[in-house]
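J.: Take this structure, written in structure tokens, and hold onto it; I'll ask about it next.
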Amino acid sequence: MKKDGEKERQVRPLQKMFTAVPPSYDLINRLITFRFDERWRKKAAAVMLADEPGQVLDLCTGSGDLAMHLHKRAAPGTVISALDYSGPMLEVARKKAIKRNAQRINFLLGDAANMPFENHCFDVIGIAFAFRNLTFRNPDKNLFLDEIFRILKPGGKFVVVETSQPSNPFLKNLFHFYMRRITVPLGGMLSGQRHAYHYLAHSAIHFYSPAELIDMMKHAGFDLVLHRPYFGGISAIWAFRKPG
Ligand SMILES: C[S@@+](CC[C@H](N)C(=O)[O-])C[C@H]1O[C@@H](n2cnc3c(N)ncnc32)[C@H](O)[C@@H]1O
């Protein structure tokens with residue numbers, strides 16, 4: 001029976017998938033990106049911490065890699081929270097935090113559409129390789145964007161590191177070929193969850209162009225402050241500000 005005050009948590013279509021992949025998730029990330037995923041998260045953490053924020057959130061933390069970079073670089077007084085709706089993912093993140101002596105990170109189980117935070121409480125929110133999950137053909141996209149807007153302080157920053165679309169057609173085709181022909185079979189074989197890597201490839205191939213993503217965020221009320229593509233746009237970092 002539900003306890004008083006306990007919020008109803010809706011099971012979302014992708015939630016099952018993120019409950020099944022955790023054991024091999026990090027290994028496959030490193031393999032399919034030649035370890036560049038970690039470099040990109042590190043750069044995103046640097047952008048997040050540039051103005052010495054007091055309260056930061058790693059949204060959809062998964063196995064906690066962005067949170068670990070934040071913990072390593074943040075000033076001692078910075079409060080780091082990390083939220084995800086997959087219990088098994090958070091379990092991997094918590095174990096990693098203990099192993100790396102990163103006990104300062106506050107891990108929380110929760111849905112990005114209904115987060116357990118007060119209005120205007122974060123100076124910075126970052127999201128690594130999960131913005132696609134929240135926005136790609138997701139009927140709840142606006143719920144997620146409104147919720148991020150709600151919990152950011154006026155003037156606060158939202159930093160996204162995500163796969164993107166190369167502007168060069170040759171590079172774009174090569175990237176899409178790699179996602180279809182290498183990522184799906186390799187990820188599928190190592191995780192035993194081919195559908196999860198099929199979803200990854202499909203969503204990355206059909207994801208927004210940088211201009212479309214920026215436009216969507218402007219409609220949600222955010223101002224663009226930074227866009228840095230990597231490898232010709234295979235991945236990118238965007239930083240947005242909530243008007244102050
Ligand atoms: C591709 S993983 C990215 C994980 C991590 N940020 C990283 O850098 O590897 C996507 C994560 O987003 C989480 N996620 C997706 N939708 C969510 C939602 N609505 N609320 C909370 N977490 C969500 C999943 O459980 C998963 O851990």
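In the structure tokens, each chain is lettered A, B, ... as it comes, each chain's residues begin at 1, and ligands are numbered from 1 in order of appearance.
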Enumerate as a PyMOL selection string the residues within 6 Å of ligand 1, counting only C-alpha atoms and all ligand atoms.
T.: chain A and resi 18+60-63+65-66+84-86+89+110-113+127-130+133-134
J.: Do you know which residues are at most 9 Å from Asp223 in chain A counting only C-alpha atoms, after dropping those on the same chain fewer than 3 positions away, and could you put them as an MDAnalysis selection string?
T.: chainID A and resid 214 217:218 239:243
J.: Just checking: using only C-alpha atoms, which residue out of A:Met48, A:Ala211, A:Ala93, A:Leu57 ends up closest to Ser167 in chain A?
T.: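 Among the listed residues, A:Ala211 lies closest to Ser167 in chain A.
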J.: Would you work out the distance separating CA of Gly156 in chain A from CA of Phe122 in chain A, expressed in Å to one decimal?
T.: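 Taking CA of Gly156 in chain A and CA of Phe122 in chain A, their separation equals 7.0 Å.
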J.: If you run DSSP over the backbone, which residues in chain A end up alpha helix (DSSP H)? Put them as a CSV table (one decimal) with N, CA, C and O atoms, in the first residue's frame.
T.:
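Printed below is out_1.csv as written:
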```
chain,number,residue,atom,x,y,z
A,17,MET,N,14.4,-0.6,-19.9
A,17,MET,CA,15.6,-0.7,-20.6
A,17,MET,C,16.8,-0.3,-19.7
A,17,MET,O,17.8,-1.0,-19.6
A,18,PHE,N,16.6,0.8,-18.9
A,18,PHE,CA,17.7,1.2,-18.1
A,18,PHE,C,17.8,0.5,-16.8
A,18,PHE,O,18.7,0.7,-15.9
A,19,THR,N,17.0,-0.5,-16.6
A,19,THR,CA,17.1,-1.4,-15.5
A,19,THR,C,17.8,-2.6,-15.9
A,19,THR,O,18.5,-3.3,-15.0
A,20,ALA,N,17.9,-2.9,-17.2
A,20,ALA,CA,18.6,-4.1,-17.6
A,20,ALA,C,20.0,-3.9,-18.1
A,20,ALA,O,20.8,-4.9,-18.0
A,22,PRO,N,22.7,-1.9,-16.7
A,22,PRO,CA,23.8,-1.5,-15.9
A,22,PRO,C,25.0,-2.3,-15.8
A,22,PRO,O,26.1,-1.7,-15.8
A,23,PRO,N,25.0,-3.6,-15.7
A,23,PRO,CA,26.3,-4.4,-15.5
A,23,PRO,C,27.4,-4.1,-16.5
A,23,PRO,O,28.5,-4.0,-16.2
A,24,SER,N,27.0,-3.9,-17.8
A,24,SER,CA,28.0,-3.8,-18.8
A,24,SER,C,28.0,-2.3,-19.4
A,24,SER,O,28.7,-2.0,-20.3
A,25,TYR,N,27.2,-1.4,-18.8
A,25,TYR,CA,26.9,-0.1,-19.3
A,25,TYR,C,28.2,0.7,-19.5
A,25,TYR,O,28.5,1.2,-20.6
A,26,ASP,N,29.1,0.8,-18.5
A,26,ASP,CA,30.3,1.6,-18.5
A,26,ASP,C,31.3,1.0,-19.6
A,26,ASP,O,31.8,1.7,-20.4
A,27,LEU,N,31.5,-0.3,-19.5
A,27,LEU,CA,32.4,-1.0,-20.4
A,27,LEU,C,32.0,-0.7,-21.9
A,27,LEU,O,32.9,-0.3,-22.7
A,28,ILE,N,30.7,-0.8,-22.2
A,28,ILE,CA,30.3,-0.6,-23.6
A,28,ILE,C,30.5,0.9,-24.0
A,28,ILE,O,31.0,1.2,-25.1
A,29,ASN,N,30.2,1.8,-23.1
A,29,ASN,CA,30.4,3.2,-23.4
A,29,ASN,C,31.8,3.5,-23.7
A,29,ASN,O,32.1,4.2,-24.7
A,30,ARG,N,32.8,2.9,-23.0
A,30,ARG,CA,34.2,3.2,-23.2
A,30,ARG,C,34.6,2.6,-24.6
A,30,ARG,O,35.4,3.2,-25.3
A,31,LEU,N,34.1,1.4,-24.8
A,31,LEU,CA,34.5,0.7,-26.1
A,31,LEU,C,33.9,1.4,-27.3
A,31,LEU,O,34.7,1.7,-28.2
A,32,ILE,N,32.7,1.8,-27.3
A,32,ILE,CA,32.1,2.3,-28.5
A,32,ILE,C,32.5,3.8,-28.8
A,32,ILE,O,32.4,4.3,-29.9
A,33,THR,N,33.0,4.5,-27.7
A,33,THR,CA,33.5,5.8,-27.9
A,33,THR,C,35.0,6.0,-27.9
A,33,THR,O,35.6,7.1,-27.9
A,36,PHE,N,36.3,8.3,-25.4
A,36,PHE,CA,36.0,9.8,-25.5
A,36,PHE,C,34.8,10.2,-24.7
A,36,PHE,O,34.7,11.4,-24.3
A,37,ASP,N,33.9,9.3,-24.3
A,37,ASP,CA,32.8,9.7,-23.5
A,37,ASP,C,33.2,10.3,-22.2
A,37,ASP,O,32.7,11.3,-21.8
A,38,GLU,N,34.3,9.8,-21.6
A,38,GLU,CA,34.8,10.3,-20.4
A,38,GLU,C,35.4,11.7,-20.6
A,38,GLU,O,35.2,12.6,-19.7
A,39,ARG,N,36.1,11.9,-21.7
A,39,ARG,CA,36.7,13.2,-22.0
A,39,ARG,C,35.6,14.3,-22.1
A,39,ARG,O,35.7,15.4,-21.6
A,40,TRP,N,34.5,13.9,-22.8
A,40,TRP,CA,33.4,14.8,-23.0
A,40,TRP,C,32.7,15.1,-21.7
A,40,TRP,O,32.3,16.3,-21.4
A,41,ARG,N,32.5,14.1,-20.8
A,41,ARG,CA,31.9,14.4,-19.5
A,41,ARG,C,32.8,15.3,-18.7
A,41,ARG,O,32.3,16.2,-18.0
A,42,LYS,N,34.1,15.1,-18.8
A,42,LYS,CA,35.0,15.9,-18.0
A,42,LYS,C,34.9,17.4,-18.5
A,42,LYS,O,34.9,18.3,-17.7
A,43,LYS,N,34.8,17.6,-19.8
A,43,LYS,CA,34.7,19.0,-20.3
A,43,LYS,C,33.3,19.6,-19.9
A,43,LYS,O,33.3,20.8,-19.5
A,44,ALA,N,32.3,18.8,-19.8
A,44,ALA,CA,31.0,19.3,-19.4
A,44,ALA,C,31.0,19.7,-17.9
A,44,ALA,O,30.5,20.7,-17.5
A,45,ALA,N,31.8,18.9,-17.1
A,45,ALA,CA,31.9,19.2,-15.7
A,45,ALA,C,32.6,20.5,-15.5
A,45,ALA,O,32.2,21.3,-14.7
A,46,ALA,N,33.6,20.7,-16.4
A,46,ALA,CA,34.4,22.0,-16.3
A,46,ALA,C,33.5,23.2,-16.6
A,46,ALA,O,33.5,24.2,-15.9
A,47,VAL,N,32.6,23.0,-17.6
A,47,VAL,CA,31.6,24.1,-18.0
A,47,VAL,C,30.7,24.3,-16.8
A,47,VAL,O,30.3,25.4,-16.4
A,48,MET,N,30.2,23.2,-16.2
A,48,MET,CA,29.3,23.3,-15.1
A,48,MET,C,29.9,24.1,-13.9
A,48,MET,O,29.2,24.8,-13.2
A,49,LEU,N,31.2,23.8,-13.7
A,49,LEU,CA,31.8,24.4,-12.4
A,49,LEU,C,32.4,25.7,-12.7
A,49,LEU,O,33.0,26.3,-11.7
A,65,ASP,N,29.0,8.8,-13.8
A,65,ASP,CA,30.3,9.3,-14.3
A,65,ASP,C,30.4,10.8,-14.3
A,65,ASP,O,31.5,11.3,-13.9
A,66,LEU,N,29.4,11.5,-14.7
A,66,LEU,CA,29.5,13.0,-14.6
A,66,LEU,C,29.6,13.5,-13.2
A,66,LEU,O,30.4,14.4,-12.9
A,67,ALA,N,28.8,12.8,-12.3
A,67,ALA,CA,28.9,13.2,-10.9
A,67,ALA,C,30.3,13.0,-10.3
A,67,ALA,O,30.8,13.8,-9.5
A,68,MET,N,31.0,12.0,-10.8
A,68,MET,CA,32.4,11.7,-10.3
A,68,MET,C,33.3,12.8,-10.7
A,68,MET,O,34.2,13.3,-10.0
A,69,HIS,N,33.2,13.3,-12.0
A,69,HIS,CA,34.0,14.4,-12.4
A,69,HIS,C,33.7,15.7,-11.6
A,69,HIS,O,34.6,16.4,-11.3
A,70,LEU,N,32.4,15.9,-11.4
A,70,LEU,CA,32.0,17.1,-10.6
A,70,LEU,C,32.7,17.0,-9.2
A,70,LEU,O,33.2,18.0,-8.7
A,71,HIS,N,32.6,15.8,-8.6
A,71,HIS,CA,33.1,15.6,-7.3
A,71,HIS,C,34.6,15.9,-7.2
A,71,HIS,O,35.2,16.5,-6.3
A,72,LYS,N,35.3,15.5,-8.3
A,72,LYS,CA,36.8,15.6,-8.3
A,72,LYS,C,37.2,17.1,-8.4
A,72,LYS,O,38.2,17.5,-7.9
A,73,ARG,N,36.4,17.9,-9.2
A,73,ARG,CA,36.8,19.2,-9.5
A,73,ARG,C,36.1,20.3,-8.7
A,73,ARG,O,36.6,21.5,-8.7
A,87,GLY,N,16.9,2.2,-10.4
A,87,GLY,CA,17.6,1.7,-9.1
A,87,GLY,C,18.9,1.0,-9.4
A,87,GLY,O,19.9,1.3,-8.8
A,88,PRO,N,18.9,0.1,-10.4
A,88,PRO,CA,20.2,-0.6,-10.7
A,88,PRO,C,21.3,0.3,-11.1
A,88,PRO,O,22.5,0.1,-10.8
A,89,MET,N,20.9,1.3,-11.9
A,89,MET,CA,22.0,2.3,-12.4
A,89,MET,C,22.5,3.0,-11.1
A,89,MET,O,23.7,3.2,-11.0
A,90,LEU,N,21.6,3.5,-10.3
A,90,LEU,CA,22.1,4.2,-9.1
A,90,LEU,C,22.9,3.3,-8.2
A,90,LEU,O,23.8,3.8,-7.5
A,91,GLU,N,22.6,2.0,-8.2
A,91,GLU,CA,23.4,1.1,-7.4
A,91,GLU,C,24.9,1.0,-7.9
A,91,GLU,O,25.8,1.1,-7.1
A,92,VAL,N,25.0,1.0,-9.2
A,92,VAL,CA,26.4,1.0,-9.8
A,92,VAL,C,27.1,2.3,-9.4
A,92,VAL,O,28.2,2.4,-9.0
A,93,ALA,N,26.3,3.5,-9.5
A,93,ALA,CA,26.9,4.8,-9.2
A,93,ALA,C,27.3,4.9,-7.7
A,93,ALA,O,28.4,5.4,-7.4
A,94,ARG,N,26.5,4.3,-6.8
A,94,ARG,CA,26.8,4.4,-5.4
A,94,ARG,C,28.0,3.6,-5.1
A,94,ARG,O,28.9,4.1,-4.3
A,95,LYS,N,28.1,2.4,-5.7
A,95,LYS,CA,29.3,1.6,-5.4
A,95,LYS,C,30.6,2.3,-5.9
A,95,LYS,O,31.6,2.3,-5.3
A,96,LYS,N,30.4,2.9,-7.1
A,96,LYS,CA,31.6,3.6,-7.7
A,96,LYS,C,32.0,4.8,-6.8
A,96,LYS,O,33.2,5.0,-6.5
A,97,ALA,N,31.0,5.5,-6.2
A,97,ALA,CA,31.3,6.6,-5.3
A,97,ALA,C,32.0,6.1,-4.1
A,97,ALA,O,33.0,6.8,-3.6
A,98,ILE,N,31.7,5.0,-3.5
A,98,ILE,CA,32.3,4.5,-2.3
A,98,ILE,C,33.8,4.1,-2.7
A,98,ILE,O,34.7,4.5,-2.0
A,99,LYS,N,33.9,3.4,-3.8
A,99,LYS,CA,35.3,3.0,-4.3
A,99,LYS,C,36.2,4.2,-4.5
A,99,LYS,O,37.4,4.2,-4.2
A,131,PHE,N,20.0,13.5,-22.5
A,131,PHE,CA,19.0,14.6,-22.9
A,131,PHE,C,18.2,14.0,-24.1
A,131,PHE,O,17.1,14.3,-24.3
A,132,ARG,N,18.9,13.1,-24.9
A,132,ARG,CA,18.2,12.5,-26.0
A,132,ARG,C,17.1,11.6,-25.5
A,132,ARG,O,16.0,11.6,-26.1
A,133,ASN,N,17.3,10.9,-24.4
A,133,ASN,CA,16.2,10.1,-23.8
A,133,ASN,C,15.0,10.9,-23.4
A,133,ASN,O,13.9,10.5,-23.5
A,134,LEU,N,15.3,12.1,-22.9
A,134,LEU,CA,14.2,12.9,-22.4
A,134,LEU,C,13.5,13.7,-23.5
A,134,LEU,O,12.3,14.1,-23.3
A,135,THR,N,14.1,13.9,-24.7
A,135,THR,CA,13.5,14.7,-25.7
A,135,THR,C,13.3,14.1,-27.0
A,135,THR,O,12.4,14.6,-27.8
A,141,LYS,N,8.5,15.4,-23.3
A,141,LYS,CA,9.6,16.3,-23.4
A,141,LYS,C,9.3,17.7,-22.7
A,141,LYS,O,10.2,18.1,-22.0
A,142,ASN,N,8.2,18.2,-22.9
A,142,ASN,CA,7.9,19.6,-22.3
A,142,ASN,C,7.8,19.5,-20.8
A,142,ASN,O,8.2,20.4,-20.1
A,143,LEU,N,7.3,18.4,-20.3
A,143,LEU,CA,7.3,18.2,-18.8
A,143,LEU,C,8.7,18.2,-18.3
A,143,LEU,O,9.0,18.9,-17.2
A,144,PHE,N,9.6,17.5,-18.9
A,144,PHE,CA,11.0,17.5,-18.5
A,144,PHE,C,11.6,18.9,-18.5
A,144,PHE,O,12.3,19.3,-17.6
A,145,LEU,N,11.4,19.6,-19.6
A,145,LEU,CA,12.1,20.9,-19.8
A,145,LEU,C,11.5,21.9,-18.8
A,145,LEU,O,12.2,22.7,-18.2
A,146,ASP,N,10.2,21.8,-18.5
A,146,ASP,CA,9.6,22.7,-17.5
A,146,ASP,C,10.1,22.4,-16.1
A,146,ASP,O,10.3,23.4,-15.4
A,147,GLU,N,10.3,21.2,-15.9
A,147,GLU,CA,10.8,20.8,-14.5
A,147,GLU,C,12.3,21.3,-14.3
A,147,GLU,O,12.6,21.7,-13.2
A,148,ILE,N,13.1,21.1,-15.4
A,148,ILE,CA,14.4,21.6,-15.3
A,148,ILE,C,14.4,23.2,-15.0
A,148,ILE,O,15.1,23.7,-14.2
A,149,PHE,N,13.6,23.8,-15.8
A,149,PHE,CA,13.4,25.3,-15.7
A,149,PHE,C,13.0,25.7,-14.2
A,149,PHE,O,13.5,26.6,-13.6
A,150,ARG,N,12.0,24.9,-13.7
A,150,ARG,CA,11.5,25.2,-12.4
A,150,ARG,C,12.6,25.1,-11.3
A,150,ARG,O,12.6,26.0,-10.4
A,151,ILE,N,13.4,24.1,-11.3
A,151,ILE,CA,14.4,23.9,-10.2
A,151,ILE,C,15.7,24.7,-10.4
A,151,ILE,O,16.5,24.7,-9.5
A,169,PRO,N,28.3,16.1,-44.6
A,169,PRO,CA,27.5,15.0,-44.9
A,169,PRO,C,28.3,13.6,-44.9
A,169,PRO,O,27.7,12.6,-44.5
A,170,PHE,N,29.6,13.7,-45.3
A,170,PHE,CA,30.4,12.5,-45.3
A,170,PHE,C,30.5,12.0,-43.9
A,170,PHE,O,30.3,10.8,-43.6
A,171,LEU,N,30.9,12.9,-43.0
A,171,LEU,CA,31.1,12.5,-41.6
A,171,LEU,C,29.8,12.0,-40.9
A,171,LEU,O,29.8,11.1,-40.1
A,172,LYS,N,28.7,12.7,-41.3
A,172,LYS,CA,27.4,12.3,-40.8
A,172,LYS,C,27.0,10.9,-41.2
A,172,LYS,O,26.6,10.1,-40.4
A,173,ASN,N,27.3,10.6,-42.5
A,173,ASN,CA,27.0,9.2,-42.9
A,173,ASN,C,27.9,8.2,-42.3
A,173,ASN,O,27.4,7.1,-41.9
A,174,LEU,N,29.1,8.5,-42.1
A,174,LEU,CA,30.1,7.6,-41.4
A,174,LEU,C,29.6,7.4,-40.0
A,174,LEU,O,29.6,6.2,-39.5
A,175,PHE,N,29.2,8.4,-39.3
A,175,PHE,CA,28.8,8.3,-37.9
A,175,PHE,C,27.5,7.4,-37.8
A,175,PHE,O,27.4,6.5,-37.0
A,176,HIS,N,26.6,7.7,-38.7
A,176,HIS,CA,25.4,6.9,-38.7
A,176,HIS,C,25.7,5.4,-39.1
A,176,HIS,O,25.1,4.5,-38.4
A,177,PHE,N,26.6,5.2,-40.0
A,177,PHE,CA,27.0,3.8,-40.3
A,177,PHE,C,27.6,3.1,-39.1
A,177,PHE,O,27.3,2.0,-38.8
A,178,TYR,N,28.5,3.9,-38.4
A,178,TYR,CA,29.1,3.3,-37.2
A,178,TYR,C,28.1,2.9,-36.1
A,178,TYR,O,28.2,1.9,-35.5
A,184,VAL,N,25.4,-1.2,-32.5
A,184,VAL,CA,24.2,-2.1,-32.2
A,184,VAL,C,24.7,-3.5,-32.0
A,184,VAL,O,24.4,-4.1,-31.0
A,185,PRO,N,25.5,-4.1,-32.9
A,185,PRO,CA,25.9,-5.5,-32.7
A,185,PRO,C,26.9,-5.6,-31.5
A,185,PRO,O,26.7,-6.6,-30.7
A,186,LEU,N,27.8,-4.7,-31.3
A,186,LEU,CA,28.8,-4.8,-30.2
A,186,LEU,C,28.0,-4.6,-28.9
A,186,LEU,O,28.2,-5.4,-27.9
A,187,GLY,N,27.3,-3.5,-28.8
A,187,GLY,CA,26.5,-3.3,-27.5
A,187,GLY,C,25.5,-4.4,-27.2
A,187,GLY,O,25.4,-4.8,-26.1
A,188,GLY,N,24.9,-4.9,-28.3
A,188,GLY,CA,23.9,-5.9,-28.1
A,188,GLY,C,24.6,-7.2,-27.6
A,188,GLY,O,24.1,-7.9,-26.7
A,189,MET,N,25.7,-7.5,-28.2
A,189,MET,CA,26.4,-8.8,-27.8
A,189,MET,C,26.9,-8.7,-26.4
A,189,MET,O,26.7,-9.6,-25.6
A,190,LEU,N,27.6,-7.6,-26.0
A,190,LEU,CA,28.2,-7.5,-24.7
A,190,LEU,C,27.1,-7.3,-23.6
A,190,LEU,O,27.4,-7.7,-22.4
A,191,SER,N,26.0,-6.7,-23.9
A,191,SER,CA,25.0,-6.5,-22.8
A,191,SER,C,23.9,-7.5,-22.8
A,191,SER,O,23.2,-7.7,-21.8
A,194,ARG,N,20.1,-6.2,-27.1
A,194,ARG,CA,20.3,-5.6,-28.4
A,194,ARG,C,19.3,-4.4,-28.6
A,194,ARG,O,19.6,-3.4,-29.2
A,195,HIS,N,18.1,-4.6,-28.1
A,195,HIS,CA,17.1,-3.5,-28.3
A,195,HIS,C,17.5,-2.2,-27.7
A,195,HIS,O,17.2,-1.1,-28.2
A,196,ALA,N,18.3,-2.2,-26.6
A,196,ALA,CA,18.7,-1.0,-25.9
A,196,ALA,C,19.7,-0.3,-26.9
A,196,ALA,O,19.7,1.0,-27.0
A,197,TYR,N,20.6,-1.0,-27.5
A,197,TYR,CA,21.6,-0.4,-28.4
A,197,TYR,C,21.0,0.0,-29.7
A,197,TYR,O,21.5,0.9,-30.4
A,198,HIS,N,19.9,-0.7,-30.1
A,198,HIS,CA,19.2,-0.3,-31.3
A,198,HIS,C,18.5,1.0,-31.0
A,198,HIS,O,18.6,1.9,-31.9
A,199,TYR,N,18.0,1.2,-29.8
A,199,TYR,CA,17.3,2.4,-29.5
A,199,TYR,C,18.4,3.5,-29.5
A,199,TYR,O,18.2,4.7,-30.0
A,200,LEU,N,19.6,3.3,-28.9
A,200,LEU,CA,20.7,4.3,-28.9
A,200,LEU,C,21.0,4.7,-30.3
A,200,LEU,O,21.1,5.9,-30.6
A,201,ALA,N,21.2,3.7,-31.2
A,201,ALA,CA,21.6,4.1,-32.6
A,201,ALA,C,20.5,4.9,-33.2
A,201,ALA,O,20.7,5.9,-33.9
A,202,HIS,N,19.3,4.4,-33.1
A,202,HIS,CA,18.1,5.0,-33.8
A,202,HIS,C,17.9,6.4,-33.3
A,202,HIS,O,17.8,7.3,-34.1
A,203,SER,N,18.0,6.6,-32.0
A,203,SER,CA,17.8,8.0,-31.5
A,203,SER,C,18.9,8.9,-31.8
A,203,SER,O,18.7,10.1,-32.1
A,204,ALA,N,20.1,8.4,-31.8
A,204,ALA,CA,21.3,9.2,-32.2
A,204,ALA,C,21.2,9.6,-33.7
A,204,ALA,O,21.5,10.8,-34.0
A,205,ILE,N,20.8,8.7,-34.5
A,205,ILE,CA,20.8,8.9,-36.0
A,205,ILE,C,19.7,10.0,-36.3
A,205,ILE,O,19.9,10.8,-37.1
A,210,PRO,N,22.0,20.6,-34.2
A,210,PRO,CA,22.3,21.6,-33.2
A,210,PRO,C,21.3,22.8,-33.3
A,210,PRO,O,20.8,23.3,-32.2
A,211,ALA,N,20.9,23.2,-34.5
A,211,ALA,CA,20.0,24.4,-34.6
A,211,ALA,C,18.6,24.0,-34.1
A,211,ALA,O,18.0,24.9,-33.4
A,212,GLU,N,18.1,22.8,-34.4
A,212,GLU,CA,16.8,22.4,-33.9
A,212,GLU,C,16.8,22.3,-32.3
A,212,GLU,O,15.8,22.7,-31.7
A,213,LEU,N,17.9,21.8,-31.8
A,213,LEU,CA,18.0,21.7,-30.3
A,213,LEU,C,18.0,23.0,-29.7
A,213,LEU,O,17.3,23.3,-28.7
A,214,ILE,N,18.7,23.9,-30.2
A,214,ILE,CA,18.8,25.3,-29.7
A,214,ILE,C,17.4,26.0,-29.8
A,214,ILE,O,17.0,26.6,-28.8
A,215,ASP,N,16.8,25.8,-30.9
A,215,ASP,CA,15.4,26.3,-31.1
A,215,ASP,C,14.4,25.8,-30.0
A,215,ASP,O,13.7,26.5,-29.4
A,216,MET,N,14.5,24.5,-29.8
A,216,MET,CA,13.6,23.8,-28.8
A,216,MET,C,13.8,24.4,-27.4
A,216,MET,O,12.9,24.7,-26.7
A,217,MET,N,15.1,24.7,-27.1
A,217,MET,CA,15.4,25.2,-25.8
A,217,MET,C,15.0,26.7,-25.6
A,217,MET,O,14.6,27.1,-24.6
A,218,LYS,N,15.1,27.4,-26.7
A,218,LYS,CA,14.6,28.8,-26.7
A,218,LYS,C,13.1,28.8,-26.5
A,218,LYS,O,12.6,29.6,-25.7
A,219,HIS,N,12.4,27.9,-27.1
A,219,HIS,CA,10.9,27.8,-26.9
A,219,HIS,C,10.6,27.5,-25.4
A,219,HIS,O,9.6,27.9,-24.9
```
J.: Figure out the distance between CA of Val159 in chain A and CA of Ile234 in chain A, please, to one decimal in Å.
T.: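 Value for the CA of Ile234 in chain A-CA of Val159 in chain A distance: 17.0 Å.
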J.: Please, which residues of range 159-191 of chain A, numbered as in this document, come out strand (DSSP E or B) from DSSP, as a PDB file with C-alpha atoms, in the first residue's frame?
T.:
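Generated output (states32.pdb):
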```
ATOM      1  CA  VAL A 159      24.609  22.060 -19.487  1.00  0.00           C
ATOM      2  CA  VAL A 160      23.999  19.275 -22.003  1.00  0.00           C
ATOM      3  CA  VAL A 161      26.615  16.859 -23.334  1.00  0.00           C
ATOM      4  CA  GLU A 162      25.096  14.648 -25.985  1.00  0.00           C
ATOM      5  CA  THR A 163      25.516  12.998 -29.365  1.00  0.00           C
TER       6      THR A 163
END
```
